[in-house]
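Dropping start.cif in here (mmCIF, C-alpha atoms and all ligand atoms):
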```cif
data_coords
loop_
_atom_site.label_atom_id
_atom_site.label_comp_id
_atom_site.auth_asym_id
_atom_site.auth_seq_id
_atom_site.Cartn_x
_atom_site.Cartn_y
_atom_site.Cartn_z
CA MET A 18 46.14 145.47 115.09
CA LYS A 19 49.52 146.02 116.35
CA ARG A 20 50.02 142.32 116.55
CA LEU A 21 48.24 141.65 113.38
CA PRO A 22 50.21 144.01 111.29
CA GLY A 23 53.23 142.75 113.22
CA ASN A 24 52.30 139.18 112.45
CA PHE A 25 51.34 140.11 108.97
CA ALA A 26 54.63 141.93 108.56
CA ALA A 27 56.40 138.90 109.98
CA ILE A 28 54.55 136.61 107.61
CA LEU A 29 55.38 138.99 104.78
CA LEU A 30 59.00 139.10 105.89
CA ILE A 31 59.20 135.33 106.14
CA ALA A 32 57.41 134.97 102.82
CA THR A 33 59.63 137.53 101.17
CA PHE A 34 62.86 136.19 102.66
CA GLY A 35 61.68 132.65 102.13
CA PHE A 36 60.99 133.34 98.50
CA ALA A 37 64.22 135.25 98.15
CA ALA A 38 66.04 132.42 99.91
CA LEU A 39 64.38 129.95 97.55
CA ILE A 40 65.43 132.04 94.56
CA LEU A 41 68.92 132.41 96.00
CA ALA A 42 69.13 128.71 96.70
CA ALA A 43 67.87 127.88 93.22
CA HIS A 44 70.19 130.45 91.75
CA SER A 45 73.19 129.32 93.68
CA SER A 46 72.50 125.70 92.83
CA PHE A 47 72.18 126.76 89.18
CA ALA A 48 75.37 128.73 89.63
CA ARG A 49 77.06 125.70 91.15
CA GLN A 50 75.79 123.57 88.32
CA SER A 51 76.95 125.98 85.66
CA ALA A 52 80.23 126.39 87.48
CA ALA A 53 80.52 122.62 87.46
CA ASN A 54 79.70 122.62 83.76
CA ALA A 55 82.08 125.47 83.17
CA VAL A 56 84.82 123.52 84.89
CA LYS A 57 83.82 120.20 83.39
CA THR A 58 83.62 121.24 79.74
CA PRO A 59 87.10 122.70 79.50
CA SER A 60 88.54 119.94 81.69
CA ALA A 61 87.38 117.36 79.14
CA ASN A 62 89.41 119.25 76.54
CA GLU A 63 92.11 120.34 78.93
CA PRO A 64 95.41 118.84 77.85
CA VAL A 65 96.91 116.25 80.19
CA PRO A 66 100.62 117.04 80.42
CA ALA A 67 103.34 114.44 80.76
CA LEU A 68 103.94 113.35 84.37
CA THR A 69 107.65 113.91 83.86
CA PRO A 70 109.48 115.94 81.18
CA PHE A 71 109.92 114.42 77.75
CA VAL A 72 111.38 115.27 74.38
CA GLU A 73 108.97 115.26 71.44
CA GLU A 74 111.42 113.65 69.06
CA HIS A 75 109.30 113.74 65.89
CA ALA A 76 107.15 116.77 65.10
CA HIS A 77 106.35 118.68 61.90
CA PHE A 78 105.63 122.33 61.20
CA ASP A 79 103.75 124.63 58.85
CA GLU A 80 106.44 125.38 56.28
CA LYS A 81 104.45 128.36 54.98
CA ASN A 82 104.68 130.06 58.35
CA PRO A 83 107.94 129.01 60.04
CA ALA A 84 107.90 131.82 62.62
CA GLY A 85 104.31 131.01 63.60
CA ALA A 86 105.10 127.29 63.81
CA VAL A 87 108.03 128.03 66.12
CA ARG A 88 105.88 130.28 68.33
CA SER A 89 103.24 127.58 68.55
CA ALA A 90 105.78 124.84 69.38
CA LEU A 91 107.37 127.01 72.09
CA ALA A 92 103.94 127.71 73.59
CA ALA A 93 103.21 123.96 73.62
CA LEU A 94 106.30 123.09 75.70
CA GLY A 95 104.76 124.14 79.02
CA ARG A 96 101.29 122.80 78.22
CA GLU A 97 102.71 119.36 77.37
CA ASN A 98 105.54 119.37 79.93
CA ALA A 99 107.91 118.88 76.99
CA ALA A 100 111.56 119.78 77.55
CA MET A 101 112.27 120.04 73.84
CA ILE A 102 110.69 119.54 70.41
CA ILE A 103 112.63 118.14 67.46
CA PHE A 104 111.24 118.97 64.02
CA GLN A 105 111.54 116.52 61.16
CA ILE A 106 111.21 117.20 57.43
CA SER A 107 108.58 115.12 55.64
CA PRO A 108 110.14 112.63 53.21
CA ASP A 109 109.55 113.99 49.72
CA THR A 110 110.40 113.64 46.03
CA PHE A 111 111.86 116.13 43.53
CA ASP A 112 108.71 116.22 41.40
CA HIS A 113 106.36 117.02 44.28
CA PRO A 114 105.46 120.73 44.29
CA GLY A 115 106.05 122.41 47.61
CA ARG A 116 109.07 120.25 48.52
CA TYR A 117 111.26 121.90 51.16
CA ASP A 118 114.04 121.06 53.58
CA SER A 119 115.29 122.31 56.94
CA GLU A 120 116.63 125.60 55.56
CA ILE A 121 113.04 126.88 55.44
CA ILE A 122 112.84 127.06 59.26
CA LEU A 123 116.43 126.59 60.47
CA ALA A 124 117.10 130.25 61.31
CA GLU A 125 113.95 130.41 63.48
CA VAL A 126 114.76 127.11 65.22
CA LYS A 127 118.32 128.19 65.99
CA LYS A 128 117.00 131.18 67.97
CA HIS A 129 115.83 128.69 70.62
CA PRO A 130 118.69 126.31 71.39
CA GLY A 131 117.84 123.72 74.00
CA LYS A 132 114.12 124.06 73.31
CA LEU A 133 113.89 123.34 69.60
CA ALA A 134 116.07 121.40 67.17
CA ILE A 135 115.69 120.00 63.70
CA THR A 136 116.79 117.12 61.50
CA GLY A 137 117.28 117.52 57.77
CA GLY A 138 117.31 115.71 54.47
CA GLY A 139 113.65 114.65 54.10
CA GLY A 140 113.26 117.13 51.25
CA SER A 141 116.66 116.56 49.62
CA LEU A 142 118.60 113.42 50.66
CA ASN A 143 115.39 111.40 50.62
CA ALA A 144 114.44 112.89 47.23
CA MET A 145 117.91 111.95 45.91
CA ILE A 146 117.37 108.35 47.04
CA MET A 147 113.93 108.21 45.36
CA LYS A 148 115.42 109.64 42.17
CA SER A 149 118.27 107.13 42.24
CA VAL A 150 115.75 104.27 42.69
CA ALA A 151 113.74 105.57 39.69
CA THR A 152 116.74 106.09 37.37
CA GLY A 153 118.88 103.21 38.61
CA ASP A 154 121.80 105.63 38.84
CA ALA A 155 123.73 105.26 42.09
CA SER A 156 127.06 106.07 40.45
CA LEU A 157 130.04 107.58 42.27
CA LYS A 158 128.97 111.00 40.95
CA VAL A 159 125.51 110.61 42.54
CA GLN A 160 127.10 109.37 45.78
CA LYS A 161 129.44 112.37 45.83
CA GLU A 162 126.52 114.80 45.45
CA PHE A 163 124.61 112.95 48.16
CA LYS A 164 127.53 113.14 50.59
CA ALA A 165 128.05 116.84 49.85
CA ARG A 166 124.39 117.59 50.58
CA ALA A 167 124.43 115.56 53.81
CA GLU A 168 127.50 117.41 55.04
CA GLU A 169 126.03 120.76 54.02
CA LEU A 170 122.97 120.05 56.21
CA LEU A 171 125.20 119.15 59.17
CA ARG A 172 127.26 122.33 58.73
CA GLU A 173 124.05 124.34 58.74
CA GLY A 174 123.07 122.85 62.10
CA VAL A 175 120.70 119.89 61.73
CA ILE A 176 121.10 117.25 64.45
CA GLY A 177 120.22 114.16 62.40
CA PHE A 178 118.99 112.92 59.04
CA GLY A 179 115.21 112.75 58.78
CA GLU A 180 112.61 112.07 57.99
CA MET A 181 113.84 109.54 55.47
CA THR A 182 111.65 106.78 54.05
CA ALA A 183 111.81 103.31 52.56
CA GLU A 184 108.05 102.61 52.33
CA HIS A 185 105.63 105.51 52.69
CA PHE A 186 101.96 105.61 51.70
CA ASP A 187 100.50 108.59 49.90
CA GLY A 188 99.59 111.43 52.28
CA PHE A 189 101.02 114.92 52.75
CA THR A 190 103.80 113.70 50.46
CA PRO A 191 103.57 111.11 47.65
CA TYR A 192 103.84 107.32 47.78
CA GLN A 193 107.52 106.41 48.06
CA SER A 194 109.45 103.16 48.16
CA ALA A 195 113.16 102.39 48.23
CA PRO A 196 115.19 99.39 49.35
CA PRO A 197 116.53 100.28 52.81
CA ASP A 198 119.88 98.77 51.76
CA HIS A 199 120.10 101.00 48.67
CA PRO A 200 123.72 102.21 48.17
CA LEU A 201 122.72 105.74 49.20
CA TYR A 202 121.15 104.43 52.42
CA LEU A 203 124.35 102.51 53.20
CA LEU A 204 126.34 105.69 52.49
CA LEU A 205 123.99 107.67 54.74
CA SER A 206 124.58 105.24 57.60
CA ASP A 207 128.35 105.67 57.18
CA LEU A 208 127.92 109.46 57.24
CA ALA A 209 125.67 109.23 60.31
CA ALA A 210 128.28 107.11 62.12
CA LEU A 211 131.12 109.39 61.05
CA HIS A 212 129.38 112.56 62.24
CA ASN A 213 127.72 110.92 65.26
CA VAL A 214 124.13 111.79 64.32
CA PRO A 215 121.11 109.47 63.96
CA ILE A 216 118.92 108.61 60.96
CA ASP A 217 115.14 108.77 61.37
CA ILE A 218 113.35 106.44 58.97
CA HIS A 219 109.67 105.97 58.16
CA MET A 220 109.07 102.48 56.82
CA GLU A 221 105.90 100.42 56.69
CA ALA A 222 106.80 96.87 57.71
CA VAL A 223 106.70 94.47 54.76
CA PRO A 224 108.31 91.15 55.76
CA ARG A 225 107.50 89.59 52.35
CA GLU A 226 106.10 90.90 49.09
CA MET A 227 102.38 91.54 49.45
CA PRO A 228 99.45 93.25 47.75
CA LEU A 229 98.57 96.75 48.97
CA PRO A 230 96.23 96.43 51.99
CA PRO A 231 92.64 96.68 50.69
CA ASP A 232 91.83 99.86 52.65
CA LEU A 233 94.50 101.77 50.68
CA LYS A 234 94.16 102.97 47.08
CA SER A 235 96.38 102.19 44.12
CA PRO A 236 97.20 104.50 42.46
CA PRO A 237 98.55 106.64 44.09
CA ASN A 238 100.09 103.78 46.14
CA ALA A 239 101.81 100.81 44.50
CA ALA A 240 99.58 97.80 43.90
CA ARG A 241 102.26 95.48 45.31
CA LEU A 242 104.65 96.19 48.17
CA HIS A 243 108.23 94.94 48.13
CA ALA A 244 109.67 93.06 51.08
CA ASN A 245 111.88 95.35 53.17
CA ILE A 246 112.72 93.79 56.56
CA VAL A 247 115.71 91.72 55.39
CA ALA A 248 117.09 94.77 53.57
CA PHE A 249 116.43 96.93 56.65
CA GLU A 250 118.50 94.47 58.68
CA ARG A 251 121.30 94.79 56.13
CA LEU A 252 121.19 98.56 56.66
CA LEU A 253 121.29 98.09 60.44
CA SER A 254 124.27 95.72 60.23
CA HIS A 255 126.14 97.72 57.58
CA ASN A 256 127.55 100.18 60.11
CA PRO A 257 126.69 99.23 63.70
CA ARG A 258 127.90 102.65 64.88
CA ALA A 259 125.07 104.35 62.97
CA ARG A 260 122.07 104.89 65.24
CA ILE A 261 118.85 104.28 63.33
CA ILE A 262 115.44 105.29 64.62
CA TRP A 263 112.52 103.40 63.08
CA ALA A 264 109.66 105.89 63.23
CA HIS A 265 105.95 105.44 63.97
CA LEU A 266 105.57 102.34 66.14
CA GLY A 267 101.78 102.32 66.61
CA SER A 268 101.12 103.67 63.14
CA ASP A 269 101.38 100.45 61.21
CA PHE A 270 99.26 100.23 58.05
CA THR A 271 100.41 96.85 56.70
CA GLY A 272 99.70 94.90 59.89
CA PHE A 273 103.25 93.58 60.26
CA ARG A 274 104.78 96.02 62.77
CA THR A 275 104.11 93.57 65.57
CA VAL A 276 105.55 93.24 69.07
CA GLU A 277 107.30 90.07 67.86
CA LEU A 278 109.00 91.76 64.91
CA ASP A 279 110.05 94.79 66.99
CA ARG A 280 111.39 92.52 69.73
CA ARG A 281 113.36 90.35 67.30
CA LEU A 282 114.95 93.39 65.61
CA LEU A 283 115.79 95.10 68.92
CA ILE A 284 117.57 91.94 70.09
CA ALA A 285 119.46 91.50 66.80
CA HIS A 286 120.49 95.15 66.28
CA PRO A 287 121.74 97.21 69.24
CA ASN A 288 121.91 100.33 67.00
CA LEU A 289 118.14 100.24 66.37
CA PHE A 290 115.79 102.59 68.23
CA MET A 291 112.06 103.12 67.84
CA GLU A 292 109.67 106.05 68.05
CA ILE A 293 106.29 105.61 69.70
CA LYS A 294 103.44 107.33 67.84
CA THR A 295 99.79 106.89 68.79
CA ASP A 296 97.36 108.79 66.60
CA PRO A 297 93.73 108.25 67.67
CA GLN A 298 92.49 109.42 64.26
CA ALA A 299 94.59 106.87 62.38
CA PRO A 300 95.45 104.07 64.81
CA GLY A 301 97.76 101.46 63.32
CA ARG A 302 96.82 97.80 62.96
CA ASN A 303 99.10 96.89 65.86
CA TYR A 304 98.12 99.66 68.26
CA PRO A 305 99.77 99.74 71.71
CA LEU A 306 96.65 101.11 73.44
CA GLY A 307 93.45 99.18 74.07
CA SER A 308 89.96 100.67 73.65
CA ASP A 309 90.06 101.48 77.39
CA GLY A 310 93.13 103.66 76.80
CA LYS A 311 95.43 101.28 78.70
CA ILE A 312 98.72 100.04 77.28
CA LYS A 313 98.30 96.47 76.07
CA PRO A 314 100.37 94.11 78.26
CA GLU A 315 102.52 92.78 75.40
CA TRP A 316 103.55 96.31 74.41
CA LEU A 317 104.17 97.37 78.00
CA LYS A 318 106.43 94.35 78.34
CA LEU A 319 108.33 95.34 75.20
CA PHE A 320 108.82 98.93 76.45
CA THR A 321 109.97 97.73 79.87
CA ASP A 322 112.18 94.93 78.46
CA PHE A 323 114.01 97.50 76.24
CA PRO A 324 113.74 100.78 78.15
CA ASP A 325 116.84 102.20 76.43
CA ARG A 326 115.52 101.77 72.90
CA PHE A 327 112.35 103.86 72.65
CA VAL A 328 111.62 107.57 72.31
CA LEU A 329 108.40 109.55 71.89
CA GLY A 330 107.76 110.75 68.36
CA SER A 331 104.10 111.62 68.07
CA ASP A 332 104.30 113.20 64.57
CA GLN A 333 102.41 116.25 65.93
CA HIS A 334 102.12 119.22 63.57
CA TYR A 335 102.65 122.79 64.81
CA PRO A 336 100.57 124.90 64.90
CA GLU A 337 98.26 122.17 66.18
CA PRO A 338 95.32 121.69 63.77
CA ALA A 339 92.15 122.88 65.53
CA ASP A 340 89.93 120.16 64.07
CA ALA A 341 92.16 117.17 64.77
CA ASP A 342 92.84 115.16 67.90
CA LYS A 343 96.21 115.94 69.32
CA ARG A 344 98.67 113.21 68.48
CA TRP A 345 100.99 114.30 71.28
CA GLN A 346 98.16 113.91 73.79
CA GLU A 347 97.51 110.23 73.05
CA THR A 348 101.25 109.51 73.05
CA ILE A 349 101.52 111.19 76.47
CA LEU A 350 98.56 109.23 77.81
CA LEU A 351 100.60 106.13 76.95
CA PHE A 352 103.79 107.64 78.38
CA ASN A 353 102.10 108.48 81.70
CA GLN A 354 101.28 104.79 82.24
CA LEU A 355 104.92 103.68 82.09
CA PRO A 356 106.84 102.92 85.29
CA ALA A 357 108.75 106.01 86.47
CA SER A 358 112.20 104.57 85.72
CA VAL A 359 111.18 103.62 82.15
CA ARG A 360 109.49 107.00 81.68
CA LYS A 361 112.71 108.77 82.54
CA LYS A 362 114.60 106.88 79.86
CA ILE A 363 111.96 107.04 77.14
CA GLY A 364 111.11 110.65 77.99
CA THR A 365 114.52 112.29 77.87
CA GLU A 366 117.57 110.09 78.51
CA ASN A 367 117.33 107.99 75.33
CA VAL A 368 116.97 111.07 73.13
CA ALA A 369 120.05 112.53 74.80
CA SER A 370 122.09 109.38 74.16
CA ILE A 371 120.84 108.94 70.56
CA TYR A 372 121.41 112.58 69.54
CA GLY A 373 124.50 113.13 71.65
CA ASN A 374 125.74 116.53 72.69
CA ALA A 375 123.30 118.43 70.47
CA VAL A 376 120.52 117.43 72.84
CA ALA A 377 122.21 116.07 75.97
CA SER A 378 123.75 119.36 77.13
CA SER A 379 120.53 121.32 76.79
CA LEU A 380 118.50 118.65 78.58
CA HIS A 381 121.06 118.64 81.34
CA ALA A 382 120.82 122.45 81.53
CA ALA A 383 117.00 122.26 81.61
CA LYS A 384 117.15 119.83 84.58
CA ASN A 385 119.40 122.07 86.68
ZN ZN B 1 106.41 109.60 58.76
ZN ZN B 2 106.74 112.49 60.32
#
```
Just dump the structure as structure tokens.
Ligand SMILES: [Zn+2]
Ligand SMILES: [Zn+2]
Amino acid sequence: MKRLPGNFAAILLIATFGFAALILAAHSSFARQSAANAVKTPSANEPVPALTPFVEEHAHFDEKNPAGAVRSALAALGRENAAMIIFQISPDTFDHPGRYDSEIILAEVKKHPGKLAITGGGGSLNAMIMKSVATGDASLKVQKEFKARAEELLREGVIGFGEMTAEHFDGFTPYQSAPPDHPLYLLLSDLAALHNVPIDIHMEAVPREMPLPPDLKSPPNAARLHANIVAFERLLSHNPRARIIWAHLGSDFTGFRTVELDRRLLIAHPNLFMEIKTDPQAPGRNYPLGSDGKIKPEWLKLFTDFPDRFVLGSDQHYPEPADADKRWQETILLFNQLPASVRKKIGTENVASIYGNAVASSLHAAKN
């Protein structure tokens, strides 16, 4: 009996521990699995930061909540490995309700020198150009007012003129079109050269007059698009000391912002720079990334052939919309594939040379 109960107890013990061990094993494997899931799910959404610091050279903000937008942009710096974010003002017209310019957020931005900066004129200089195109009045009086406004913005502390436009499809702001060699654009390039600040320009590529691409609606967009590349080249040649940044490479909705066109213009105009923007929700017709996420060889060759001429301008809005893919993320996935020496230039050095002291000194301070 002694043995039996002993054996019985042993069997019971084994059975109990065995069962417990089974439960534990099952539980721990479940735990491991859920831990794996717990790690895996966020990691799929976890942002991938830039391998090396970069300047986000083209971002927008919620103009109804400037302080919140600034908080959100500052919080994004570490997550993205961004050294600095430059806000741009959407190009707008006088008759569009809700038009604003840099003054709406300037005081908040200036509290964070070296981390945030802003261009200006999208809501005023650009609107003056659109008005002048509509009225045909580019008289000396109009030019004087334009110059006064540009210099007011610079006195207030903007570091460039943007976001200007010459061909812009209807979106957050209305359809807009202006010849890039309009007298006010030529004047703006003289002012940019004089004050040593760049111009940021949004312009769909239209090498020759064409109907609106069929996937876009007219109205609100124009039924026919005017040729603008020859006029853009006149703007670039007008004052070679004016640095001009052609925004949104990768976000081409006419189909003509090709590697070939970009290459030809970069060769012909040493004062031309380009912003890389890759938006997975609205990829352009000439998109630098393949469906596998890799940079297409012809684009990689362009970036490495002209490493001094590109910057990152993802067009990200702050605060980041919860329901949209992050534009900055796709742009950084492209950036991370560039050779280290090219990444250094496109990430920070080019922005410093294009914007001059306004950016260079703070980037230098951030490095040390
Ligand atoms: Zn734009
Ligand atoms: Zn923009």
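Here CA of Gln160 in chain A is placed at a distance of 23.8 Å from CA of Ile135 in chain A.
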Excluding range 203-216 of chain A and its own-chain neighbours fewer than 2 positions away, which residues fall within 8 Å of it when counting only C-alpha atoms? Please give them as a compact mmCIF listing (two decimals) with C-alpha atoms, in the frame of the given file.
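Generated file (selection-v1.txt):
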```
# COMPACT_ATOMS: atom_id res chain seq x y z
CA GLN A 160 127.10 109.37 45.78
CA LYS A 164 127.53 113.14 50.59
CA ALA A 167 124.43 115.56 53.81
CA ILE A 176 121.10 117.25 64.45
CA GLY A 177 120.22 114.16 62.40
CA PHE A 178 118.99 112.92 59.04
CA GLY A 179 115.21 112.75 58.78
CA GLU A 180 112.61 112.07 57.99
CA MET A 181 113.84 109.54 55.47
CA ASP A 198 119.88 98.77 51.76
CA HIS A 199 120.10 101.00 48.67
CA PRO A 200 123.72 102.21 48.17
CA LEU A 201 122.72 105.74 49.20
CA ILE A 218 113.35 106.44 58.97
CA LEU A 252 121.19 98.56 56.66
CA HIS A 255 126.14 97.72 57.58
CA ASN A 256 127.55 100.18 60.11
CA ARG A 258 127.90 102.65 64.88
CA ALA A 259 125.07 104.35 62.97
CA ARG A 260 122.07 104.89 65.24
CA ILE A 261 118.85 104.28 63.33
CA ILE A 262 115.44 105.29 64.62
CA ILE A 371 120.84 108.94 70.56
CA TYR A 372 121.41 112.58 69.54
CA GLY A 373 124.50 113.13 71.65
```
Sorted per-residue table, chain A near ligand ZN 1 (chain B), closest atoms and distance, 7 Å, only C-alpha atoms and all ligand atoms, as CSV:
```
residue,atom,partner,partner_atom,distance
A:Ser107,CA,B:ZN1,ZN,6.7
A:Glu180,CA,B:ZN1,ZN,6.7
A:His219,CA,B:ZN1,ZN,4.9
A:Ala264,CA,B:ZN1,ZN,6.7
A:His265,CA,B:ZN1,ZN,6.7
```
Hey, could you make a per-residue contact list for chain A against ligand ZN 2 (chain B) with 12 Å as the cut-off, showing the nearest pair of atoms and its distance in Å to one decimal, counting only C-alpha atoms and all ligand atoms, sorted by chain and number, as a Markdown table?
```
| residue | atom | partner | partner_atom | distance |
| --- | --- | --- | --- | --- |
| A:Glu73 | CA | B:ZN2 | ZN | 11.7 |
| A:Glu74 | CA | B:ZN2 | ZN | 10.0 |
| A:His75 | CA | B:ZN2 | ZN | 6.3 |
| A:Ala76 | CA | B:ZN2 | ZN | 6.4 |
| A:His77 | CA | B:ZN2 | ZN | 6.4 |
| A:Phe78 | CA | B:ZN2 | ZN | 9.9 |
| A:Ile103 | CA | B:ZN2 | ZN | 10.8 |
| A:Phe104 | CA | B:ZN2 | ZN | 8.7 |
| A:Gln105 | CA | B:ZN2 | ZN | 6.3 |
| A:Ile106 | CA | B:ZN2 | ZN | 7.1 |
| A:Ser107 | CA | B:ZN2 | ZN | 5.7 |
| A:Pro108 | CA | B:ZN2 | ZN | 7.9 |
| A:Asp109 | CA | B:ZN2 | ZN | 11.1 |
| A:Thr136 | CA | B:ZN2 | ZN | 11.1 |
| A:Gly137 | CA | B:ZN2 | ZN | 12.0 |
| A:Gly139 | CA | B:ZN2 | ZN | 9.5 |
| A:Gly179 | CA | B:ZN2 | ZN | 8.6 |
| A:Glu180 | CA | B:ZN2 | ZN | 6.3 |
| A:Met181 | CA | B:ZN2 | ZN | 9.1 |
| A:Thr182 | CA | B:ZN2 | ZN | 9.8 |
| A:His185 | CA | B:ZN2 | ZN | 10.4 |
| A:Gly188 | CA | B:ZN2 | ZN | 10.8 |
| A:Phe189 | CA | B:ZN2 | ZN | 9.8 |
| A:Thr190 | CA | B:ZN2 | ZN | 10.4 |
| A:Asp217 | CA | B:ZN2 | ZN | 9.2 |
| A:Ile218 | CA | B:ZN2 | ZN | 9.1 |
| A:His219 | CA | B:ZN2 | ZN | 7.5 |
| A:Met220 | CA | B:ZN2 | ZN | 10.9 |
| A:Trp263 | CA | B:ZN2 | ZN | 11.1 |
| A:Ala264 | CA | B:ZN2 | ZN | 7.8 |
| A:His265 | CA | B:ZN2 | ZN | 8.0 |
| A:Leu266 | CA | B:ZN2 | ZN | 11.8 |
| A:Ser268 | CA | B:ZN2 | ZN | 10.8 |
| A:Glu292 | CA | B:ZN2 | ZN | 10.5 |
| A:Ile293 | CA | B:ZN2 | ZN | 11.6 |
| A:Lys294 | CA | B:ZN2 | ZN | 9.7 |
| A:Asp296 | CA | B:ZN2 | ZN | 11.9 |
| A:Gly330 | CA | B:ZN2 | ZN | 8.3 |
| A:Ser331 | CA | B:ZN2 | ZN | 8.2 |
| A:Asp332 | CA | B:ZN2 | ZN | 5.0 |
| A:Gln333 | CA | B:ZN2 | ZN | 8.0 |
| A:His334 | CA | B:ZN2 | ZN | 8.8 |
| A:Tyr335 | CA | B:ZN2 | ZN | 12.0 |
| A:Arg344 | CA | B:ZN2 | ZN | 11.5 |
```
May I have the centre and edge lengths, in Å to one decimal, of an axis-aligned box around the listed atoms of range 64-76 of chain A with 6 Å added to every side, as lines of an AutoDock Vina configuration file?
```
center_x = 103.4
center_y = 116.1
center_z = 74.7
size_x = 28.0
size_y = 17.5
size_z = 31.3
```
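Each of A:Phe323, A:Phe111, A:Tyr117, A:Phe249 was compared to Val276 in chain A using all atoms listed in the file, and A:Phe323 turns out to be the nearest.
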| query | What is the CA of His243 in chain A-CA of Val159 in chain A distance in Å, reported with one decimal? | reply | 24.0 Å
| Nearby residues (all atoms listed in the file) at most 10 Å from Thr365 in chain A, same-chain spacing under 4 positions excluded, as a list in words | Thr69, Pro70, Phe71, Val72, Glu73, Glu74, Ala99, Ala100, Met101, Val328, Leu329, Arg360, Lys361, Ala369, Ser370, Val376, Ala377, Leu380 and His381 of chain A
Go ahead and write the selection's residues with C-alpha atoms as a PDB file, keeping the file's coordinate frame.
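This is the output file part-v5.pdb:
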```pdb
ATOM      1  CA  THR A  69     107.650 113.910  83.860  1.00  0.00           C
ATOM      2  CA  PRO A  70     109.480 115.940  81.180  1.00  0.00           C
ATOM      3  CA  PHE A  71     109.920 114.420  77.750  1.00  0.00           C
ATOM      4  CA  VAL A  72     111.380 115.270  74.380  1.00  0.00           C
ATOM      5  CA  GLU A  73     108.970 115.260  71.440  1.00  0.00           C
ATOM      6  CA  GLU A  74     111.420 113.650  69.060  1.00  0.00           C
ATOM      7  CA  ALA A  99     107.910 118.880  76.990  1.00  0.00           C
ATOM      8  CA  ALA A 100     111.560 119.780  77.550  1.00  0.00           C
ATOM      9  CA  MET A 101     112.270 120.040  73.840  1.00  0.00           C
ATOM     10  CA  VAL A 328     111.620 107.570  72.310  1.00  0.00           C
ATOM     11  CA  LEU A 329     108.400 109.550  71.890  1.00  0.00           C
ATOM     12  CA  ARG A 360     109.490 107.000  81.680  1.00  0.00           C
ATOM     13  CA  LYS A 361     112.710 108.770  82.540  1.00  0.00           C
ATOM     14  CA  ALA A 369     120.050 112.530  74.800  1.00  0.00           C
ATOM     15  CA  SER A 370     122.090 109.380  74.160  1.00  0.00           C
ATOM     16  CA  VAL A 376     120.520 117.430  72.840  1.00  0.00           C
ATOM     17  CA  ALA A 377     122.210 116.070  75.970  1.00  0.00           C
ATOM     18  CA  LEU A 380     118.500 118.650  78.580  1.00  0.00           C
ATOM     19  CA  HIS A 381     121.060 118.640  81.340  1.00  0.00           C
TER      20      HIS A 381
END
```
| said: Using all atoms listed in the file for the distances, tell me which of A:Ile349, A:Val65, A:Leu317, A:Leu289 is nearest to Asn367 in chain A. | reply: A:Leu289
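You can rank A:Ser254, A:Ser379, A:Ser141, A:Asn82 by their closest distance to His286 in chain A using only C-alpha atoms, and at the top of that list sits A:Ser254.
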| query | Pick from A:Phe327, A:Phe320, A:Phe186, A:Tyr202: nearest to Pro356 in chain A, with all atoms listed in the file counted? | reply | A:Phe320
